[in-house]
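For reference, my_file.pdb is printed below; it contains PDB, C-alpha atoms.
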ATOM      1  CA  MET A   1     -12.075  35.281  -1.503
ATOM      2  CA  HIS A   2     -10.413  35.974  -4.841
ATOM      3  CA  SER A   3      -8.540  39.034  -6.054
ATOM      4  CA  SER A   4     -10.473  41.671  -7.890
ATOM      5  CA  ALA A   5      -8.353  41.411 -11.082
ATOM      6  CA  PRO A   6     -10.581  40.586 -14.068
ATOM      7  CA  LEU A   7     -10.004  37.190 -15.661
ATOM      8  CA  SER A   8      -9.498  37.236 -19.419
ATOM      9  CA  SER A   9     -11.644  34.485 -20.852
ATOM     10  CA  VAL A  10     -10.311  32.099 -23.450
ATOM     11  CA  SER A  11     -12.828  31.286 -26.180
ATOM     12  CA  LYS A  12     -13.554  27.576 -26.272
ATOM     13  CA  ILE A  13     -15.212  27.501 -29.691
ATOM     14  CA  PRO A  14     -12.027  27.260 -31.854
ATOM     15  CA  PHE A  15     -10.696  24.433 -29.720
ATOM     16  CA  LEU A  16     -13.950  22.495 -29.870
ATOM     17  CA  ILE A  17     -14.089  22.956 -33.680
ATOM     18  CA  ALA A  18     -10.515  21.595 -33.963
ATOM     19  CA  ALA A  19     -11.445  18.640 -31.749
ATOM     20  CA  GLY A  20     -14.456  17.945 -33.993
ATOM     21  CA  LEU A  21     -12.284  18.067 -37.115
ATOM     22  CA  PHE A  22      -9.779  15.598 -35.640
ATOM     23  CA  ALA A  23     -12.590  13.253 -34.608
ATOM     24  CA  ALA A  24     -14.079  13.523 -38.118
ATOM     25  CA  ALA A  25     -10.661  12.742 -39.643
ATOM     26  CA  ALA A  26     -10.391   9.606 -37.496
ATOM     27  CA  ALA A  27     -13.903   8.543 -38.526
ATOM     28  CA  TYR A  28     -13.065   9.181 -42.206
ATOM     29  CA  ILE A  29      -9.938   7.011 -41.988
ATOM     30  CA  VAL A  30     -11.983   4.179 -40.506
ATOM     31  CA  ARG A  31     -14.702   4.574 -43.182
ATOM     32  CA  VAL A  32     -12.325   4.670 -46.178
ATOM     33  CA  THR A  33     -10.152   1.695 -45.233
ATOM     34  CA  ALA A  34     -10.879  -1.874 -46.151
ATOM     35  CA  THR A  35     -12.168  -4.394 -43.648
ATOM     36  CA  LYS A  36      -8.734  -4.914 -42.091
ATOM     37  CA  LEU A  37      -6.808  -1.910 -40.721
ATOM     38  CA  ASP A  38      -3.054  -1.625 -41.338
ATOM     39  CA  ALA A  39      -0.591  -0.391 -38.743
ATOM     40  CA  LEU A  40      -0.270   3.039 -40.376
ATOM     41  CA  GLU A  41      -4.033   3.500 -40.395
ATOM     42  CA  LEU A  42      -4.264   2.511 -36.728
ATOM     43  CA  ILE A  43      -1.515   4.993 -35.833
ATOM     44  CA  CYS A  44      -3.319   7.772 -37.759
ATOM     45  CA  ILE A  45      -6.639   6.982 -36.050
ATOM     46  CA  GLY A  46      -4.947   7.027 -32.623
ATOM     47  CA  ALA A  47      -3.161  10.312 -33.368
ATOM     48  CA  CYS A  48      -6.384  11.978 -34.561
ATOM     49  CA  THR A  49      -8.273  10.773 -31.500
ATOM     50  CA  ALA A  50      -5.514  11.994 -29.137
ATOM     51  CA  ALA A  51      -5.378  15.381 -30.900
ATOM     52  CA  ALA A  52      -9.177  15.699 -30.647
ATOM     53  CA  GLY A  53      -9.043  15.021 -26.902
ATOM     54  CA  ALA A  54      -6.179  17.477 -26.388
ATOM     55  CA  CYS A  55      -7.958  20.202 -28.358
ATOM     56  CA  ALA A  56     -11.158  19.667 -26.401
ATOM     57  CA  ALA A  57      -9.409  19.754 -23.010
ATOM     58  CA  LEU A  58      -6.963  22.608 -23.689
ATOM     59  CA  PRO A  59      -9.316  25.604 -23.147
ATOM     60  CA  PHE A  60     -10.535  24.191 -19.855
ATOM     61  CA  ALA A  61      -6.979  23.602 -18.670
ATOM     62  CA  LEU A  62      -5.979  27.158 -19.654
ATOM     63  CA  ALA A  63      -8.951  28.607 -17.754
ATOM     64  CA  TYR A  64      -8.069  26.538 -14.682
ATOM     65  CA  VAL A  65      -4.438  27.686 -14.711
ATOM     66  CA  GLN A  66      -5.439  31.292 -15.276
ATOM     67  CA  ARG A  67      -7.969  31.193 -12.429
ATOM     68  CA  HIS A  68      -5.498  29.744  -9.928
ATOM     69  CA  THR A  69      -2.506  31.901 -10.817
ATOM     70  CA  ARG A  70      -4.296  35.254 -10.618
ATOM     71  CA  ALA A  71      -6.576  34.591  -7.679
ATOM     72  CA  THR A  72      -5.151  33.590  -4.314
ATOM     73  CA  PRO A  73      -7.234  32.964  -1.203
ATOM     74  CA  LEU A  74      -6.986  35.409   1.709
ATOM     75  CA  ASN A  75      -5.879  32.708   4.135
ATOM     76  CA  ALA A  76      -3.050  31.510   1.913
ATOM     77  CA  ALA A  77       0.238  31.109   3.712
ATOM     78  CA  PRO A  78       2.901  33.592   2.716
ATOM     79  CA  VAL A  79       5.738  32.296   0.613
ATOM     80  CA  PRO A  80       8.757  31.798   2.877
ATOM     81  CA  ALA A  81      11.866  33.787   2.133
ATOM     82  CA  PRO A  82      14.792  31.779   0.865
ATOM     83  CA  SER A  83      17.030  30.648   3.702
ATOM     84  CA  PRO A  84      20.530  32.041   3.909
ATOM     85  CA  VAL A  85      23.399  29.860   2.791
ATOM     86  CA  VAL A  86      24.569  27.656   5.676
ATOM     87  CA  ASN A  87      27.905  25.971   6.079
ATOM     88  CA  PRO A  88      27.316  22.213   5.484
ATOM     89  CA  ASP A  89      29.828  21.221   8.170
ATOM     90  CA  ALA A  90      28.124  23.418  10.758
ATOM     91  CA  LEU A  91      24.720  22.047   9.748
ATOM     92  CA  ALA A  92      25.993  18.442  10.030
ATOM     93  CA  ALA A  93      27.456  19.170  13.481
ATOM     94  CA  HIS A  94      24.182  20.743  14.612
ATOM     95  CA  VAL A  95      22.134  17.766  13.377
ATOM     96  CA  ALA A  96      24.546  15.295  14.997
ATOM     97  CA  SER A  97      24.362  17.076  18.352
ATOM     98  CA  ALA A  98      20.557  17.206  18.173
ATOM     99  CA  VAL A  99      20.391  13.475  17.403
ATOM    100  CA  ASP A 100      22.825  12.679  20.223
ATOM    101  CA  ALA A 101      20.745  14.726  22.671
ATOM    102  CA  ARG A 102      17.536  12.937  21.679
ATOM    103  CA  LEU A 103      19.187   9.531  21.946
ATOM    104  CA  ALA A 104      20.637  10.381  25.365
ATOM    105  CA  ALA A 105      17.183  11.478  26.540
ATOM    106  CA  ALA A 106      15.452   8.376  25.195
ATOM    107  CA  LEU A 107      18.060   5.792  26.235
ATOM    108  CA  PRO A 108      17.067   5.409  29.933
ATOM    109  CA  SER A 109      13.408   4.778  29.132
ATOM    110  CA  PHE A 110      14.408   2.389  26.352
ATOM    111  CA  THR A 111      16.674   0.369  28.631
ATOM    112  CA  THR A 112      13.947   0.241  31.287
ATOM    113  CA  LYS A 113      11.419  -1.026  28.766
ATOM    114  CA  LEU A 114      13.924  -3.547  27.405
ATOM    115  CA  THR A 115      14.721  -4.843  30.899
ATOM    116  CA  GLU A 116      11.006  -5.218  31.685
ATOM    117  CA  ALA A 117      10.387  -7.037  28.415
ATOM    118  CA  LEU A 118      13.277  -9.438  29.045
ATOM    119  CA  ALA A 119      12.045 -10.118  32.592
ATOM    120  CA  ALA A 120       8.550 -10.818  31.270
ATOM    121  CA  LEU A 121       9.968 -13.225  28.683
ATOM    122  CA  ASP A 122      12.047 -14.972  31.357
ATOM    123  CA  ASP A 123       8.959 -15.339  33.588
ATOM    124  CA  LYS A 124       6.988 -16.718  30.667
ATOM    125  CA  ARG A 125       9.738 -19.239  29.874
ATOM    126  CA  ARG A 126       9.868 -20.365  33.506
ATOM    127  CA  ALA A 127       6.090 -20.755  33.611
ATOM    128  CA  GLU A 128       6.182 -22.869  30.441
ATOM    129  CA  ILE A 129       8.886 -25.105  31.923
ATOM    130  CA  LEU A 130       6.977 -25.524  35.195
ATOM    131  CA  LEU A 131       3.811 -26.356  33.266
ATOM    132  CA  ALA A 132       5.655 -28.942  31.167
ATOM    133  CA  VAL A 133       7.133 -30.517  34.294
ATOM    134  CA  ALA A 134       3.737 -30.588  36.000
ATOM    135  CA  GLU A 135       2.090 -32.240  32.979
ATOM    136  CA  ASN A 136       4.722 -34.997  32.588
ATOM    137  CA  PRO A 137       5.181 -37.573  35.367
ATOM    138  CA  SER A 138       8.607 -37.781  36.913
ATOM    139  CA  VAL A 139      11.030 -40.162  35.267
ATOM    140  CA  ARG A 140      11.652 -43.386  37.211
ATOM    141  CA  ALA A 141      15.164 -44.623  37.672
ATOM    142  CA  ILE A 142      15.920 -47.596  35.445
ATOM    143  CA  ASP A 143      19.154 -48.566  37.179
ATOM    144  CA  SER A 144      18.554 -51.399  39.646
ATOM    145  CA  ASP A 145      21.429 -50.221  41.856
ATOM    146  CA  THR A 146      19.070 -47.723  43.383
ATOM    147  CA  ILE A 147      16.385 -50.318  44.142
ATOM    148  CA  PRO A 148      16.975 -52.007  47.502
ATOM    149  CA  SER A 149      16.811 -55.766  47.511
ATOM    150  CA  ALA A 150      14.875 -57.865  50.001
ATOM    151  CA  ALA A 151      17.986 -58.229  52.186
ATOM    152  CA  GLY A 152      18.340 -54.450  52.409
ATOM    153  CA  LYS A 153      21.482 -54.263  50.311
ATOM    154  CA  PRO A 154      21.425 -52.525  46.945
ATOM    155  CA  ARG A 155      21.497 -54.949  44.059
ATOM    156  CA  LEU A 156      23.816 -54.752  41.145
ATOM    157  CA  GLY A 157      22.426 -53.701  37.858
ATOM    158  CA  ARG A 158      20.574 -56.423  35.998
ATOM    159  CA  GLY A 159      23.154 -56.431  33.265
ATOM    160  CA  LEU A 160      26.065 -56.828  35.640
ATOM    161  CA  GLU A 161      24.218 -59.423  37.669
ATOM    162  CA  GLY A 162      23.616 -61.484  34.553
ATOM    163  CA  LEU A 163      27.272 -61.270  33.582
ATOM    164  CA  ILE A 164      28.490 -62.324  37.009
ATOM    165  CA  ARG A 165      26.138 -65.267  37.526
ATOM    166  CA  GLY A 166      25.818 -66.323  33.947
ATOM    167  CA  ASN A 167      22.594 -67.817  32.625
ATOM    168  CA  THR A 168      22.045 -70.136  35.600
ATOM    169  CA  PRO A 169      18.677 -69.924  37.249
ATOM    170  CA  LYS A 170      18.503 -68.335  40.661
ATOM    171  CA  PRO A 171      17.888 -70.606  43.665
ATOM    172  CA  ALA A 172      14.474 -70.344  45.263
ATOM    173  CA  SER A 173      15.766 -69.697  48.790
ATOM    174  CA  PRO A 174      19.093 -69.163  50.577
ATOM    175  CA  ALA A 175      18.823 -72.613  52.197
ATOM    176  CA  ALA A 176      18.579 -74.261  48.789
ATOM    177  CA  ALA A 177      21.651 -72.325  47.703
ATOM    178  CA  ASP A 178      23.635 -73.738  50.651
ATOM    179  CA  GLN A 179      22.561 -77.299  49.813
ATOM    180  CA  ALA A 180      23.616 -76.843  46.187
ATOM    181  CA  ALA A 181      27.010 -75.613  47.262
ATOM    182  CA  ALA A 182      27.602 -78.598  49.631
TER     183      ALA A 182
END
Written form, structure tokens:
Amino acid sequence: MHSSAPLSSVSKIPFLIAAGLFAAAAAYIVRVTATKLDALELICIGACTAAAGACAALPFALAYVQRHTRATPLNAAPVPAPSPVVNPDALAAHVASAVDARLAAALPSFTTKLTEALAALDDKRRAEILLAVAENPSVRAIDSDTIPSAAGKPRLGRGLEGLIRGNTPKPASPAAADQAAA
């Protein structure tokens, strides 16, 4: 447990008496002053209160320090010997080579994980695109060139057809068109 060296005890009575005197001095300052305290009186009250607390705590702190410096547990780790002086350049080279070795060992697994993560992201992106395409109907062609006419020939675009023929109404049948031309 602890060493067998006797602990010299510090008497707490003088410290507690000093703490009581400081506390009494602070109380006296408060009692003597008028109803409103000045800055100097507040500083004196604070100093007396702080001194009373320090005097009351000091013997306990001394006993704590004395107990822990003289007595050491049996299972305490031995104090390591100071390390010999090492050349900073040699130490830097050793650390750099150790870091390089660790990076070289970890790089293949890192690249494998990175490749797998990128493939998973690419698959996810493709799935999102396919889902968006499946949800939206296909776009119909607006151009009338791709729509076959009744005669089987592709028609010109509506805009071009209007420009070529003008604003004249279309004949009802091809026979009526021949009569209008004659």
_List the spatial neighbours of region 44-61 of chain A as a PyMOL selection string - criterion: any atom at most 7 Å away, all atoms listed in the file, same-chain residues fewer than 6 positions off excluded._
chain A and resi 10+12+15-16+18-20+22-23+25-26+29
*Suppose you want the space between CA of Pro14 (chain A) and CA of Gln66 (chain A); what is it in Å?*
18.3 Å
Per-axis box centre and lengths in Å around region 55-66 of chain A, 4 Å margin per side, axis-aligned, as AutoDock Vina command-line options:
--center_x -7.8 --center_y 25.5 --center_z -21.5 --size_x 14.7 --size_y 19.6 --size_z 21.7
*Mind giving me the straight-line distance from CA of Leu42 (chain A) to CA of Val30 (chain A) in Å, one decimal?*
8.8 Å
